[in-house]
Amino acid sequence: MQFTVRGKVWRYEGPAGWFFVSLSQRQAAQLRATPMVAKVGWGYVPVVARVGGSEWRTTLFPSAKDETYLIAIKATVRKREGIAAGDTVAVDVRVLS
């Protein structure tokens, strides 16, 4: 399963200060409805993500509050690609099985 997440980068205000992009409600529903998607502890979905020329392995985090999934944008990727909170990005996602 592959798809592109388009959205604004936002910063979680907790102690770690992670940066995320949220999947759309439609993408999250499709992901939940796909029986072949492997989920690991707490419903995390392993993926390979790509923004610009940067690619990394990560997981989609389930967000019960928003009924969607979140994808973390690593600091090294943000620096290399010039991404900051509030920027709109396109993240290509390939779900690993």
# chains A, B, ... in the order shown; residues from 1 in each chain; ligands from 1
>>> residues_around(residues="segment 70-73 of chain A", least_positions_apart="2", cutoff="6 Å", atoms="only C-alpha atoms", output="tab-separated table (two decimals) with N, CA, C and O atoms, in the first residue's frame")
chain	number	residue	atom	x	y	z
A	19	PHE	N	7.76	16.68	15.65
A	19	PHE	CA	7.07	17.34	14.55
A	19	PHE	C	6.33	16.28	13.75
A	19	PHE	O	6.90	15.23	13.43
A	20	PHE	N	5.06	16.55	13.42
A	20	PHE	CA	4.21	15.57	12.75
A	20	PHE	C	3.47	16.17	11.57
A	20	PHE	O	3.28	17.38	11.48
A	21	VAL	N	2.98	15.27	10.71
A	21	VAL	CA	1.97	15.57	9.70
A	21	VAL	C	0.87	14.55	9.93
A	21	VAL	O	1.14	13.37	10.15
A	22	SER	N	-0.38	15.00	9.90
A	22	SER	CA	-1.53	14.12	10.13
A	22	SER	C	-2.07	13.59	8.81
A	22	SER	O	-2.19	14.34	7.84
A	60	LEU	N	3.61	4.91	11.57
A	60	LEU	CA	2.47	5.81	11.69
A	60	LEU	C	1.92	5.61	13.09
A	60	LEU	O	1.69	4.48	13.53
A	61	PHE	N	1.74	6.71	13.81
A	61	PHE	CA	1.25	6.66	15.18
A	61	PHE	C	-0.27	6.82	15.16
A	61	PHE	O	-0.77	7.81	14.61
>>> residues_around(residues="Val40 of chain A", least_positions_apart="5", cutoff="12 Å", atoms="only C-alpha atoms", output="PyMOL selection string")
chain A and resi 45-47+58-62+96-97
>>> write_last_selection(atoms="N, CA, C and O atoms", output="CSV table (one decimal), in the first residue's frame")
chain,number,residue,atom,x,y,z
A,45,VAL,N,1.9,1.4,12.7
A,45,VAL,CA,2.0,0.8,11.3
A,45,VAL,C,3.4,1.2,10.8
A,45,VAL,O,3.8,2.3,10.6
A,46,PRO,N,4.3,0.1,10.5
A,46,PRO,CA,5.6,0.4,10.0
A,46,PRO,C,5.6,0.9,8.6
A,46,PRO,O,4.8,0.3,7.8
A,47,VAL,N,6.3,1.9,8.2
A,47,VAL,CA,6.3,2.5,6.9
A,47,VAL,C,7.7,2.9,6.5
A,47,VAL,O,8.6,3.1,7.4
A,58,THR,N,10.0,4.6,9.6
A,58,THR,CA,9.3,5.1,10.8
A,58,THR,C,8.0,4.3,11.0
A,58,THR,O,7.8,3.3,10.3
A,59,THR,N,7.2,4.8,11.8
A,59,THR,CA,5.9,4.2,12.0
A,59,THR,C,4.8,5.3,12.0
A,59,THR,O,5.1,6.4,12.3
A,60,LEU,N,3.6,4.9,11.6
A,60,LEU,CA,2.5,5.8,11.7
A,60,LEU,C,1.9,5.6,13.1
A,60,LEU,O,1.7,4.5,13.5
A,61,PHE,N,1.7,6.7,13.8
A,61,PHE,CA,1.2,6.7,15.2
A,61,PHE,C,-0.3,6.8,15.2
A,61,PHE,O,-0.8,7.8,14.6
A,62,PRO,N,-1.0,5.9,15.8
A,62,PRO,CA,-2.5,6.1,15.8
A,62,PRO,C,-2.8,7.2,16.8
A,62,PRO,O,-2.2,7.4,17.9
A,96,LEU,N,4.9,-1.0,5.1
A,96,LEU,CA,5.7,-2.3,5.1
A,96,LEU,C,4.8,-3.4,5.7
A,96,LEU,O,4.0,-3.2,6.6
A,97,SER,N,5.0,-4.6,5.1
A,97,SER,CA,4.2,-5.7,5.6
A,97,SER,C,5.0,-6.7,6.3
A,97,SER,O,6.2,-6.6,6.4
>>> closest_residue(among="A:Arg57, A:Arg50, A:Arg11, A:Lys74", to="Val91 of chain A", atoms="only C-alpha atoms")
A:Arg50
>>> closest_residue(among="A:Asp92, A:Asp87, A:Glu55, A:Glu67", to="Ser24 of chain A", atoms="only C-alpha atoms")
A:Glu67
>>> closest_residue(among="A:Asp66, A:Gly53, A:Arg94, A:Gln27", to="Glu81 of chain A", atoms="only C-alpha atoms")
A:Gly53
>>> select_by_dssp(residues="chain A", states="helix (DSSP H, G or I)", output="count of residues only")
19
>>> closest_residue(among="A:Thr34, A:Thr76, A:Gln25, A:Ser54", to="Ala90 of chain A", atoms="only C-alpha atoms")
A:Ser54
>>> select_by_dssp(residues="chain A", states="strand (DSSP E or B)", output="PyMOL selection string")
chain A and resi 2-8+10-11+19-22+40+44-51+54-63+68-72+88-95
>>> closest_residue(among="A:Ala85, A:Pro35, A:Trp18, A:Gly43", to="Ser63 of chain A", atoms="only C-alpha atoms")
A:Gly43
>>> closest_residue(among="A:Arg78, A:Arg26, A:Lys39, A:Lys65", to="Val9 of chain A", atoms="only C-alpha atoms")
A:Arg78
>>> atom_distance(atom1="atom CA of Gly86 of chain A", atom2="atom CA of Gln30 of chain A")
25.8 Å
